[in-house]
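Trainee: Questions regarding the structure given below will be posed in turn.
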Amino acid sequence: MKKYIFTIASLLLGFHLSAQPVPKYKNASLPVEVRVQDLLSRMTLEEKIAQMRHIHAYSVMENGKLNEDKLEKMIGGQNYGFIEGITLPGKECLALMNEVQTYMREKTRLGIPVFTLTESLHGSVHDGSTIFPQAIALGSTFNPALAYEMTSSIAKELSAQGITQSLTPVIDVCRDLRWGRVEECFGEDPFLVSRMGVSQVRGYLDNQVSPMIKHFGAHGTPQGGLNLASVACGQRELLSIYLKTFETVVKEAGPWAVMSSYNSWNNEPNSSSHYLMTELLRDQWGFKGYVYSDWGAIGMLNYFHKTAQNGAEAAMQALTAGLDAEASDNSYAELRQLVEGGFLDVKYIDQAVSRILTAKFNMGLFEYSLPTEKNYDKVVHAPSHVALARKIAEESIVLLQNRDHILPLQMDKLNSIAVVGPNADQVQFGDYTWSRDNKDGITLLKALEEKVGSRLTLNYAKGCDLVTDNRSGFAEAVDAAVKSDVCIVVVGSASASLARDYSNATCGEGFDLSDLTLTGVQEDLVKAVHATGKPVIVVLLSGKPFAMPWIKENIPGIVVQWYPGEQGGLALADMLLGNVNPSGKLNYSFPQSVGHLPCYYNYLPTDKGFYHRPGNRNRPGKDYVFSSPQALWAFGHGLSYTDFEYLSATTSKEDYGWNEVIEMTVTIRNTGGYDGMEVPQVYVRDVVASVVTPVRELKGFEKVFIKKGETRQVKIKIPVSELALYNREMKKVVEPGAFELQIGRASDDIRIKKVITVDRASEKYVPTLKDKEKKVVGTKVIAVPVTVKGVVRDVQANLLPQITVRIGDKKTVTNVMGEYSLHAMSTDTLIVSGSGFKPQYIPIEGRLVVNVRMLNQ
C-alpha cells in the first residue's frame with residue numbers, strides 16, 4: 001500500500017513539474033530583450049559576476065581531459081561567461097568544450113551556456129586545423145570576397161571544434177612598421193582595412209561563430225614601434241584613421257563583441273576609457289554587444305599604467321567605463337565586495353551582464369547543438385579549405401620589380417636553379433598559429449622539387465640564418481649560385497607560434513624592431529650571390545616590409561610573399577614559373593630606411609617636404625639632405641606579367657548631393673600576353689577644405705579578371721558620405737566643393753583624374769545615432785533621402801531569404817544571403833514580413849544599415 005501511495009505521489013509531482021511554465025529566457029520565440037531581462041531578474045549577484053569572468057583550460061584539465069572536480073571548485077556552481085583552450089589539439093578542444101558546455105547547461109541552476117572561444121587570425125589555432133595566409137597576406141589580395149570565404153571556412157572548423165566565439169579579426173590600422181604586429185593587420189589604409197573587416201565579420205556571423213573585432217582604440221602606431229606603447233595622435237586622426245575601421249564594421253556588419261586594447265591614448269588607458277567604450281562605441285555608433293578585455297588588460301591599470309592603486313580600483317575603472325568581460329585576470333573578483341560595500345552601483349554589473357547575455361541569445365547559444373567527432377573529421381582541414389588557402393596565397397603575392405622580364409622563369413632556357421636563403425626551405429606561417437614545422441606546410445624548395453625537380457637541377461644552400469652574423473654558409477650559397485643559371489634568394493622574417501614556440505622570432509606580437517634593414521646578414525648574403533654575376537631574384541618571405549634600397553637598385557626581380565599559409569611554397573613556385581600571374585597589391589608602403597618613417601601613402605600635403613630638391617649619398621640636397629622622403633614602393637603597387645591600359649573613367653554625373661553615391665565606370669584593356677587580374681583603385685583628394693586633408697585617400701577598388709586582348713568596364717561605387725571629414729568644430733561633415741577622383745594602378749601610379757562637385761549650398765552634417773540620424777541645416781531639422789540596407793535573420797541567426805521589406809508602396813525581397821536594399825526617407829519606418837514570422841515595424845531614424853531579427857509567430 002505504501003508503495004502504491006508513493007507511486008501516485010510521484011506521478012502527481014511529475015505532473016506538477018511538467019505543468020510549470022517554461023521560463024521566458026528559454027523561449028526562443030520571444031524577443032531577445034525580453035529573454036535577457038527575464039534571465040537577469042533570476043540571477044544572484046554572484047551569478048552575474050561569473051558571467052563577466054573567464055576560465056582557462058589549463059586550470060580545469062588533468063591528463064588532457066576535463067577534471068570536473070577542478071571545474072566545480074573553481075566556479076562554485078556558477079555559470080561562467082567564457083572558456084578557452086588555445087593550446088589544445090583540435091579533438092581535445094572539441095571534447096573539453098562539449099563537456100564544459102554540457103556542465104554549464106545541465107549542472108548549474110540557470111543553465112546558461114558558455115562562450116567557448118579561441119584565436120583564429122588565419123585559421124583555428126588548434127593543432128590539425130587549416131593554416132591560411134596571415135592577415136597581411138589577405139590584405140594584399142585586395143579581394144574582400146576572399147576575406148569572406150576565409151572566415152566562412154575558418155568558422156566551420158571552429159564550430160566542429162566546439163568553438164562559438166573567435167578573438168578575431170584584427171582591424172587595427174597599422175602605421176609604424178617597426179611594430180611586430182604589422183603582420184596581424186590588413187594594411188595601412190582605413191578604407192582597405194574596413195572592407196576586409198566587414199567581409200571577415202560577415203563570414204563568421206553567417207556561419208554561427210561570433211567574431212570579436214580588436215584592438216579597440218588607437219593601437220597601430222605605438223610610440224617607437226613598441227608593443228603596448230601609447231599612441232600619440234589628435235582626436236581628428238583618432239576618428240578618421242584608427243577608429244574609422246571600427247565604426248564601419250560595427251555599423252555595417254553588426255558584431256556582438258569588441259576587444260579593448262592594452263595601450264593608451266591621450267594619457268588615458270583604452271581599457272578604462274569611457275569616451276571610447278561608451279560615448280563613441282555605444283552612444284554614437286549604436287553597438288549593442290559586449291566589450292572584452294585583452295588578456296590581463298584590467299590588471300595593467302594597476303601595475304602597468306598606474307592609474308589604479310589596486311585590483312579593486314582597476315575593476316571599477318574598467319567596468320564603469322564600459323568594459324564588460326574580463327579575461328586572464330582576477331580584478332572582477334573584487335566586484336562583489338565593491339557592491340556590498342557601497343562603492344559600486346550594481347547597475348554597472350547589470351548593464352555588463354545584459355550585454356553578454358544579449359550576445360549569447362543573438363548567437364543562438366541557448367539553442368546550440370553540440371558538435372560531434374564525426375562532423376569534425378569531415379570539416380577540419382577539408383580539401384576545399386586547403387584549396388582556398390592556396391588561392392589566397394596565389395592572389396596575395398606582390399611582384400615589386402621585374403626588370404628585363406626576368407620573371408616568369410623561362411624554363412626552356414634553364415638547366416639549373418639556385419635556391420638560397422634562410423626562408424627557402426623553411427615554412428613561415430606567422431604568429432597566432434599552431435605550428436612552425438615544415439611537415440605542416442610546403443616550402444618553396446619542396447614545391448620546386450615537386451614541379452621541376454625532374455627537369456633540371458636545383459642547387460640549395462641556406463646561406464645564413466635570420467638573426468645572427470654567422471657567414472659560414474656564404475661559401476656554399478655562392479657555390480650554388482655559380483653552378484646555376486639563375487638564383488632565387490629567399491629572405492625575410494620569422495614569427496612565433498602562439499603559446500608554443502617563441503625561439504628566434506623577429507616578427508609578431510612582442511617582437512618589435514628598432515631597425516628595418518633585413519635582420520642578421522641576409523642582405524650581405526644577397527650581395528654575395530649577386531656578386532657572382534648570375535641573374536638574381538629576391539623573394540621577401542615576411543610578416544612586414546623591410547628597408548631594401550640596395551636590393552631595389554641592384555636586383556632585377558623582387559617578389560613579396562607575406563606569410564602565405566600551408567600552401568605558400570606551391571603558390572610561389574607557380575608564380576615564379578608563370579602558372580600564376582601575380583595580382584597582389586601592396587597594403588603597406590616600403591620605407592627607404594627606419595629614418596623615413598612614417599611611410600604611409602595618405603600623408604598630409606605638408607608632410608613629404610617643401611623644397612623637393614632631394615639629395616643622395618654623394619650630392620647633398622634639401623628636404624632630406626642625402627635622400628628623398630618618398631617610399632621605395634608605395635601603397636597599391638604591384639606588377640603583373642601582363643600590361644593593363646586605363647582607357648577612360650566616367651561618372652554618371654558631375655554634381656552630387658551629400659547623400660548620393662558616385663558611380664564610376666573605369667574602362668581597362670589587357671594589352672599584354674597573359675590573362676590576369678587587375679585592381680583599379682580610386683583615390684579622392686578634397687581640393688579645398690576647412691582643415692588639412694591627405695593628398696589622396698583610397699575610397700574604392702575592385703579586383704577583376706581580364707583576358708589578354710580583352711577590354712572590361714569596371715563599376716566602382718563611392719558613397720558621398722565617404723568624403724566626410726571632421727571640421728574645426730570636430731563635427732563629421734561633407735563639405736561642399738570640388739573633389740578630385742584619382743584612378744590608377746597604385747597610389748603613386750594615377751592614370752586618370754576627374755573632378756566632381758558636391759552640393760555647393762552648405763556643409764552637410766553626417767548623421768550619428770546621437771543626433772537621431774537626422775540632417776541638420778542651421779537650426780532646422782528635416783528628413784532626407786537615404787538608401788537603407790541590411791541583413792535579415794531569425795532568432796538563431798539563420799539568414800532569411802524571401803522576406804519582404806516595405807515602405808509604403810515600395811518594397812523589396814531579401815536575397816539568398818538575407819540581404820536587402822531600399823530607398824527611403826530617414827524618418828520612414830520599415831515593415832518587414834515573411835511567412836511564419838511576426839511582422840516587424842522598425843523606424844529607420846536616419847540609419848543606413850538596419851539589420852533585422854525576425855520572431856517566429
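Labels for the C-alpha cells follow display order: chains A, B, ..., residues from 1 in each chain, ligands from 1.
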As a ChimeraX atom specification, please: the residues near A:Phe429 (cut-off 8 Å, only C-alpha atoms, same-chain neighbours under 2 positions excluded).
Mentor: /A:131,133-134,427,431,433,435-436,495,563-566
Trainee: The selected residues should be written to file as a JSON list (two decimals), in the first residue's frame (atoms: N, CA and C atoms).
Mentor:
```
[["chain", "number", "residue", "atom", "x", "y", "z"],
["A", 131, "ILE", "N", 45.87, 25.98, -42.08],
["A", 131, "ILE", "CA", 46.66, 27.19, -41.86],
["A", 131, "ILE", "C", 46.52, 28.08, -43.09],
["A", 133, "PRO", "N", 46.78, 31.90, -45.14],
["A", 133, "PRO", "CA", 47.73, 33.02, -45.14],
["A", 133, "PRO", "C", 47.40, 34.01, -44.02],
["A", 134, "GLN", "N", 48.45, 34.64, -43.52],
["A", 134, "GLN", "CA", 48.33, 35.61, -42.45],
["A", 134, "GLN", "C", 47.51, 36.82, -42.92],
["A", 427, "VAL", "N", 59.12, 26.84, -43.64],
["A", 427, "VAL", "CA", 57.80, 27.46, -43.65],
["A", 427, "VAL", "C", 57.79, 28.65, -42.70],
["A", 431, "ASP", "N", 52.59, 34.55, -36.72],
["A", 431, "ASP", "CA", 52.11, 34.41, -35.34],
["A", 431, "ASP", "C", 50.64, 33.98, -35.34],
["A", 433, "THR", "N", 49.36, 30.90, -34.83],
["A", 433, "THR", "CA", 49.07, 29.62, -35.45],
["A", 433, "THR", "C", 49.66, 28.53, -34.58],
["A", 435, "SER", "N", 51.70, 25.88, -35.52],
["A", 435, "SER", "CA", 52.90, 25.16, -35.97],
["A", 435, "SER", "C", 53.93, 26.10, -36.57],
["A", 436, "ARG", "N", 55.19, 25.68, -36.48],
["A", 436, "ARG", "CA", 56.29, 26.29, -37.24],
["A", 436, "ARG", "C", 57.06, 25.21, -37.99],
["A", 495, "SER", "N", 58.13, 34.35, -37.23],
["A", 495, "SER", "CA", 57.28, 34.68, -36.09],
["A", 495, "SER", "C", 57.03, 33.44, -35.24],
["A", 563, "TYR", "N", 53.50, 36.12, -45.14],
["A", 563, "TYR", "CA", 53.30, 34.78, -44.60],
["A", 563, "TYR", "C", 52.11, 34.10, -45.28],
["A", 564, "PRO", "N", 52.37, 33.03, -46.07],
["A", 564, "PRO", "CA", 51.37, 32.58, -47.04],
["A", 564, "PRO", "C", 50.57, 31.36, -46.65],
["A", 565, "GLY", "N", 50.69, 30.87, -45.40],
["A", 565, "GLY", "CA", 49.94, 29.69, -45.02],
["A", 565, "GLY", "C", 50.58, 28.41, -45.52],
["A", 566, "GLU", "N", 49.88, 27.31, -45.31],
["A", 566, "GLU", "CA", 50.47, 25.99, -45.55],
["A", 566, "GLU", "C", 50.73, 25.69, -47.02]]
```
Trainee: With a distance cut-off of 7 Å and only C-alpha atoms, select the neighbouring residues of A:Glu697, excluding the residue or stretch itself and same-chain residues fewer than 5 positions from it, and output the selection as a PyMOL selection string.
Mentor: chain A and resi 602+683-685
Trainee: Export all heavy atoms of the chosen residues as a CSV table (one decimal), in the first residue's frame?
Mentor:
```
chain,number,residue,atom,x,y,z
A,602,ASN,N,48.9,58.1,-47.4
A,602,ASN,CA,47.9,59.1,-47.3
A,602,ASN,C,48.3,60.2,-46.3
A,602,ASN,O,47.6,60.5,-45.3
A,602,ASN,CB,46.5,58.5,-46.8
A,602,ASN,CG,46.6,57.5,-45.7
A,602,ASN,OD1,47.7,57.1,-45.3
A,602,ASN,ND2,45.5,57.1,-45.1
A,683,TYR,N,41.2,56.9,-55.7
A,683,TYR,CA,41.6,57.8,-54.6
A,683,TYR,C,40.9,59.1,-54.7
A,683,TYR,O,40.6,59.6,-55.8
A,683,TYR,CB,43.1,58.0,-54.6
A,683,TYR,CG,43.9,56.7,-54.4
A,683,TYR,CD1,44.3,56.0,-55.5
A,683,TYR,CD2,44.3,56.3,-53.2
A,683,TYR,CE1,45.0,54.8,-55.4
A,683,TYR,CE2,45.1,55.1,-53.0
A,683,TYR,CZ,45.4,54.4,-54.1
A,683,TYR,OH,46.1,53.2,-54.0
A,684,VAL,N,40.7,59.8,-53.6
A,684,VAL,CA,40.0,61.1,-53.6
A,684,VAL,C,40.8,62.1,-52.9
A,684,VAL,O,41.4,61.8,-51.8
A,684,VAL,CB,38.6,60.9,-52.9
A,684,VAL,CG1,37.9,62.3,-52.8
A,684,VAL,CG2,37.7,60.0,-53.6
A,685,ARG,N,40.9,63.3,-53.5
A,685,ARG,CA,41.5,64.4,-52.8
A,685,ARG,C,40.5,65.6,-52.7
A,685,ARG,O,39.9,65.9,-53.7
A,685,ARG,CB,42.7,64.9,-53.6
A,685,ARG,CG,43.4,66.1,-53.0
A,685,ARG,CD,44.7,66.5,-53.7
A,685,ARG,NE,44.4,67.1,-55.0
A,685,ARG,CZ,44.2,68.4,-55.3
A,685,ARG,NH1,44.2,69.2,-54.3
A,685,ARG,NH2,43.9,68.8,-56.5
```
Trainee: From a DSSP calculation on the backbone, collect every residue of stretch 218-294 of chain A in alpha helix (DSSP H) and output the set as a PyMOL selection string.
Mentor: chain A and resi 235-237+244-253+274
Trainee: Could those selected residues go to a file with all heavy atoms, as a tab-separated table (two decimals), in the first residue's frame?
Mentor:
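The file below, result-v5.tsv, is the result:
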```
chain	number	residue	atom	x	y	z
A	235	GLN	N	42.52	63.97	-31.84
A	235	GLN	CA	41.19	63.35	-31.93
A	235	GLN	C	40.76	63.19	-33.38
A	235	GLN	O	40.12	62.19	-33.74
A	235	GLN	CB	40.17	64.20	-31.17
A	235	GLN	CG	38.80	63.55	-31.09
A	235	GLN	CD	37.78	64.42	-30.40
A	235	GLN	OE1	37.95	65.63	-30.33
A	235	GLN	NE2	36.72	63.82	-29.90
A	236	ARG	N	41.12	64.13	-34.24
A	236	ARG	CA	40.71	64.04	-35.65
A	236	ARG	C	41.34	62.82	-36.30
A	236	ARG	O	40.69	62.07	-37.03
A	236	ARG	CB	41.10	65.32	-36.38
A	236	ARG	CG	40.62	65.38	-37.82
A	236	ARG	CD	40.85	66.75	-38.44
A	236	ARG	NE	39.90	67.73	-37.92
A	236	ARG	CZ	40.21	68.69	-37.06
A	236	ARG	NH1	41.45	68.80	-36.60
A	236	ARG	NH2	39.30	69.54	-36.63
A	237	GLU	N	42.62	62.58	-36.05
A	237	GLU	CA	43.29	61.40	-36.60
A	237	GLU	C	42.76	60.12	-35.96
A	237	GLU	O	42.59	59.11	-36.62
A	237	GLU	CB	44.81	61.51	-36.38
A	237	GLU	CG	45.60	60.42	-37.07
A	237	GLU	CD	47.10	60.61	-36.92
A	237	GLU	OE1	47.53	61.64	-36.34
A	237	GLU	OE2	47.85	59.72	-37.37
A	244	LYS	N	38.02	54.64	-37.62
A	244	LYS	CA	37.12	54.57	-38.77
A	244	LYS	C	36.78	53.12	-39.09
A	244	LYS	O	35.65	52.79	-39.44
A	244	LYS	CB	37.76	55.23	-40.00
A	244	LYS	CG	36.90	55.12	-41.26
A	244	LYS	CD	37.53	55.84	-42.43
A	244	LYS	CE	36.77	55.57	-43.72
A	244	LYS	NZ	35.36	56.01	-43.68
A	245	THR	N	37.76	52.22	-38.95
A	245	THR	CA	37.51	50.81	-39.25
A	245	THR	C	36.49	50.22	-38.28
A	245	THR	O	35.59	49.47	-38.69
A	245	THR	CB	38.82	50.01	-39.17
A	245	THR	OG1	39.39	50.17	-37.86
A	245	THR	CG2	39.82	50.51	-40.18
A	246	PHE	N	36.60	50.55	-37.01
A	246	PHE	CA	35.68	50.02	-36.01
A	246	PHE	C	34.27	50.58	-36.22
A	246	PHE	O	33.28	49.84	-36.14
A	246	PHE	CB	36.17	50.34	-34.60
A	246	PHE	CG	37.40	49.57	-34.21
A	246	PHE	CD1	38.66	50.05	-34.46
A	246	PHE	CD2	37.28	48.32	-33.61
A	246	PHE	CE1	39.80	49.33	-34.13
A	246	PHE	CE2	38.40	47.58	-33.26
A	246	PHE	CZ	39.67	48.09	-33.53
A	247	GLU	N	34.17	51.87	-36.51
A	247	GLU	CA	32.86	52.46	-36.77
A	247	GLU	C	32.20	51.79	-37.97
A	247	GLU	O	31.01	51.43	-37.93
A	247	GLU	CB	33.00	53.96	-37.02
A	247	GLU	CG	31.68	54.65	-37.31
A	247	GLU	CD	31.84	56.14	-37.59
A	247	GLU	OE1	32.99	56.62	-37.72
A	247	GLU	OE2	30.80	56.83	-37.70
A	248	THR	N	32.96	51.59	-39.03
A	248	THR	CA	32.41	50.98	-40.24
A	248	THR	C	31.95	49.55	-39.98
A	248	THR	O	30.84	49.16	-40.36
A	248	THR	CB	33.45	50.99	-41.36
A	248	THR	OG1	33.85	52.34	-41.64
A	248	THR	CG2	32.90	50.37	-42.63
A	249	VAL	N	32.79	48.76	-39.33
A	249	VAL	CA	32.45	47.36	-39.11
A	249	VAL	C	31.27	47.23	-38.15
A	249	VAL	O	30.37	46.41	-38.36
A	249	VAL	CB	33.68	46.59	-38.59
A	249	VAL	CG1	33.30	45.17	-38.19
A	249	VAL	CG2	34.76	46.54	-39.68
A	250	VAL	N	31.24	48.05	-37.10
A	250	VAL	CA	30.12	47.99	-36.16
A	250	VAL	C	28.81	48.33	-36.87
A	250	VAL	O	27.80	47.63	-36.72
A	250	VAL	CB	30.36	48.95	-34.98
A	250	VAL	CG1	29.07	49.21	-34.20
A	250	VAL	CG2	31.41	48.37	-34.04
A	251	LYS	N	28.80	49.37	-37.68
A	251	LYS	CA	27.57	49.82	-38.32
A	251	LYS	C	27.14	48.92	-39.47
A	251	LYS	O	25.94	48.72	-39.70
A	251	LYS	CB	27.74	51.26	-38.81
A	251	LYS	CG	27.79	52.29	-37.69
A	251	LYS	CD	27.90	53.70	-38.23
A	251	LYS	CE	27.85	54.74	-37.12
A	251	LYS	NZ	27.95	56.13	-37.63
A	252	GLU	N	28.09	48.39	-40.22
A	252	GLU	CA	27.74	47.61	-41.41
A	252	GLU	C	27.59	46.11	-41.13
A	252	GLU	O	26.77	45.45	-41.77
A	252	GLU	CB	28.78	47.81	-42.51
A	252	GLU	CG	28.77	49.19	-43.14
A	252	GLU	CD	29.63	49.25	-44.38
A	252	GLU	OE1	29.84	48.20	-45.05
A	252	GLU	OE2	30.10	50.36	-44.71
A	253	ALA	N	28.39	45.57	-40.24
A	253	ALA	CA	28.42	44.11	-40.07
A	253	ALA	C	27.78	43.63	-38.77
A	253	ALA	O	27.42	42.46	-38.66
A	253	ALA	CB	29.85	43.60	-40.16
A	274	HIS	N	35.99	55.81	-20.88
A	274	HIS	CA	34.54	55.99	-21.06
A	274	HIS	C	34.26	56.61	-22.42
A	274	HIS	O	33.26	56.26	-23.09
A	274	HIS	CB	33.99	56.88	-19.94
A	274	HIS	CG	32.50	56.98	-19.92
A	274	HIS	ND1	31.82	57.95	-20.64
A	274	HIS	CD2	31.56	56.24	-19.29
A	274	HIS	CE1	30.52	57.80	-20.44
A	274	HIS	NE2	30.33	56.77	-19.62
```
Trainee: Do you have the atom CA of A:Arg403-atom CA of A:Ala477 distance handy?
Mentor: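 Taking atom CA of A:Arg403 as the start and atom CA of A:Ala477 as the end point, the length is 23.4 Å.
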Trainee: When you count only C-alpha atoms, which of these residues is closest to A:Tyr432: A:Asn207, A:Asn815, A:Thr118, A:Asn227?
Mentor: A:Thr118
Trainee: Using only C-alpha atoms, which residues sit within 7 Å of A:Ile752 once same-chain residues fewer than 2 positions away are excluded, as a list of chain:residue names?
Mentor: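 What passes the distance filter is A:Ala649, A:Gln742, A:Ile743, A:Gly744, A:Ile750, A:Lys754.
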Trainee: Can you write out the residues you just picked, keeping all heavy atoms, as a PDB file, in the first residue's frame?
Mentor:
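Output contents, as saved in again.pdb:
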```pdb
ATOM      1  N   ALA A 649      37.651  56.852 -67.643  1.00  0.00           N
ATOM      2  CA  ALA A 649      36.889  56.749 -66.395  1.00  0.00           C
ATOM      3  C   ALA A 649      35.782  57.782 -66.459  1.00  0.00           C
ATOM      4  O   ALA A 649      36.033  58.962 -66.712  1.00  0.00           O
ATOM      5  CB  ALA A 649      37.778  56.983 -65.186  1.00  0.00           C
ATOM      6  N   GLN A 742      41.057  60.267 -58.376  1.00  0.00           N
ATOM      7  CA  GLN A 742      42.306  59.817 -58.985  1.00  0.00           C
ATOM      8  C   GLN A 742      42.218  58.310 -59.197  1.00  0.00           C
ATOM      9  O   GLN A 742      42.124  57.552 -58.234  1.00  0.00           O
ATOM     10  CB  GLN A 742      43.494  60.154 -58.078  1.00  0.00           C
ATOM     11  CG  GLN A 742      43.568  61.622 -57.689  1.00  0.00           C
ATOM     12  CD  GLN A 742      44.636  61.900 -56.642  1.00  0.00           C
ATOM     13  OE1 GLN A 742      45.369  61.011 -56.224  1.00  0.00           O
ATOM     14  NE2 GLN A 742      44.734  63.150 -56.217  1.00  0.00           N
ATOM     15  N   ILE A 743      42.245  57.879 -60.450  1.00  0.00           N
ATOM     16  CA  ILE A 743      42.062  56.475 -60.783  1.00  0.00           C
ATOM     17  C   ILE A 743      43.377  55.922 -61.320  1.00  0.00           C
ATOM     18  O   ILE A 743      43.994  56.504 -62.207  1.00  0.00           O
ATOM     19  CB  ILE A 743      40.953  56.290 -61.849  1.00  0.00           C
ATOM     20  CG1 ILE A 743      39.649  56.925 -61.360  1.00  0.00           C
ATOM     21  CG2 ILE A 743      40.745  54.807 -62.151  1.00  0.00           C
ATOM     22  CD1 ILE A 743      39.402  58.306 -61.888  1.00  0.00           C
ATOM     23  N   GLY A 744      43.814  54.787 -60.747  1.00  0.00           N
ATOM     24  CA  GLY A 744      45.080  54.249 -61.215  1.00  0.00           C
ATOM     25  C   GLY A 744      45.379  52.870 -60.691  1.00  0.00           C
ATOM     26  O   GLY A 744      44.529  52.198 -60.101  1.00  0.00           O
ATOM     27  N   ILE A 750      48.836  57.068 -60.828  1.00  0.00           N
ATOM     28  CA  ILE A 750      47.498  57.542 -61.175  1.00  0.00           C
ATOM     29  C   ILE A 750      47.428  57.732 -62.685  1.00  0.00           C
ATOM     30  O   ILE A 750      48.249  58.439 -63.278  1.00  0.00           O
ATOM     31  CB  ILE A 750      47.168  58.865 -60.445  1.00  0.00           C
ATOM     32  CG1 ILE A 750      47.295  58.669 -58.923  1.00  0.00           C
ATOM     33  CG2 ILE A 750      45.780  59.357 -60.829  1.00  0.00           C
ATOM     34  CD1 ILE A 750      46.402  57.603 -58.341  1.00  0.00           C
ATOM     35  N   LYS A 754      39.614  63.000 -62.498  1.00  0.00           N
ATOM     36  CA  LYS A 754      38.350  63.666 -62.767  1.00  0.00           C
ATOM     37  C   LYS A 754      37.982  64.508 -61.558  1.00  0.00           C
ATOM     38  O   LYS A 754      38.331  64.170 -60.428  1.00  0.00           O
ATOM     39  CB  LYS A 754      37.222  62.655 -63.035  1.00  0.00           C
ATOM     40  CG  LYS A 754      37.346  61.902 -64.347  1.00  0.00           C
ATOM     41  CD  LYS A 754      36.115  61.069 -64.609  1.00  0.00           C
ATOM     42  CE  LYS A 754      34.885  61.905 -64.857  1.00  0.00           C
ATOM     43  NZ  LYS A 754      34.965  62.718 -66.096  1.00  0.00           N
TER      44      LYS A 754
END
```
Trainee: Run DSSP on the backbone of this structure and report the residues of stretch 571-763 of chain A it assigns to strand (DSSP E or B), as a PyMOL selection string.
Mentor: chain A and resi 590+633+639+644-651+655-656+661-670+676-678+681-686+697-701+704-706+711-719+725-726+732-734+737-746+749-758
Trainee: Just checking: using only C-alpha atoms, which residue out of A:Pro545, A:Gly568, A:Gly286, A:Gly453 ends up closest to A:Gln428?
Mentor: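 When distances to A:Gln428 are compared using only C-alpha atoms, the smallest one comes from A:Gly568.
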Trainee: Skipping near chain neighbours, those fewer than 2 positions away, what residues fall within 8 Å of stretch 710-723 of chain A using only C-alpha atoms, listed as a ChimeraX atom specification?
Mentor: /A:656-671,684,686,699-702,704,706-708,725,734,766
Trainee: Just checking: using only C-alpha atoms, which residue out of A:Pro629, A:Gly90, A:Gly421, A:Gly76 ends up closest to A:Val594?
Mentor: A:Pro629
Trainee: Applying 9 Å and only C-alpha atoms, which residues near A:Val491 remain after dropping the ones on its own chain fewer than 2 positions away? List them as a list in words.
Mentor: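 In the requested form, the answer reads Val420, Gly421, Pro422, Asn423, Ala424, Leu466, Val489, Ser493, Leu518, Gln522, Glu523, Val526, Val538, Val539, Leu540, Leu541 and Ser542 of chain A.
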Trainee: I'd like the neighbourhood of A:Asn330 as a list in words, where a residue qualifies if any of its atoms comes within 10 Å (using only C-alpha atoms), though same-chain residues fewer than 6 positions away should be ignored.
Mentor: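 Those residues are Arg53, His54, Gly296, Ile298, Gly299, Gly311, Ala312 and Ala315 of chain A.
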Trainee: Give me, as a ChimeraX atom specification, all polymer residues having an atom no more than 8 Å from A:Leu525, counting only C-alpha atoms and skipping those fewer than 4 positions away in the same chain.
Mentor: /A:421,463-464,474,521,529
Trainee: Find the distance between atom CA of A:Val792 and atom CA of A:Lys811 and write it in Å to one decimal.
Mentor: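 Atom CA of A:Val792 sits 14.6 Å away from atom CA of A:Lys811.
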Trainee: Find the nearest atom pair between each residue of stretch 333-402 of chain A and stretch 547-558 of chain A for residues within 10 Å, count only C-alpha atoms, give distances in Å to one decimal, sort rows by chain and ascending number, and present the table as JSON lines.
Mentor:
```
{"residue": "A:Val398", "atom": "CA", "partner": "A:Ile558", "partner_atom": "CA", "distance": 8.8}
{"residue": "A:Leu399", "atom": "CA", "partner": "A:Ile558", "partner_atom": "CA", "distance": 6.4}
{"residue": "A:Leu400", "atom": "CA", "partner": "A:Ile558", "partner_atom": "CA", "distance": 5.4}
{"residue": "A:Gln401", "atom": "CA", "partner": "A:Ile558", "partner_atom": "CA", "distance": 4.9}
{"residue": "A:Asn402", "atom": "CA", "partner": "A:Gly557", "partner_atom": "CA", "distance": 4.7}
```
Trainee: Point out the residue among A:Leu96, A:Val482, A:Leu39, A:Ala308 with the least atom-to-atom distance to A:His530, counting only C-alpha atoms.
Mentor: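 Of A:Leu96, A:Val482, A:Leu39, A:Ala308, the one nearest A:His530, counting only C-alpha atoms, is A:Val482.
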Trainee: When you draw a straight line from atom CA of A:Ser166 to atom CA of A:Leu94, how long is it in Å?
Mentor: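 Atom-to-atom, atom CA of A:Ser166 to atom CA of A:Leu94, that is 14.6 Å.
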Trainee: Rank nothing, just name the residue among A:Val125, A:Val813, A:Leu30, A:Val478 nearest to A:Met854, using only C-alpha atoms.
Mentor: A:Leu30
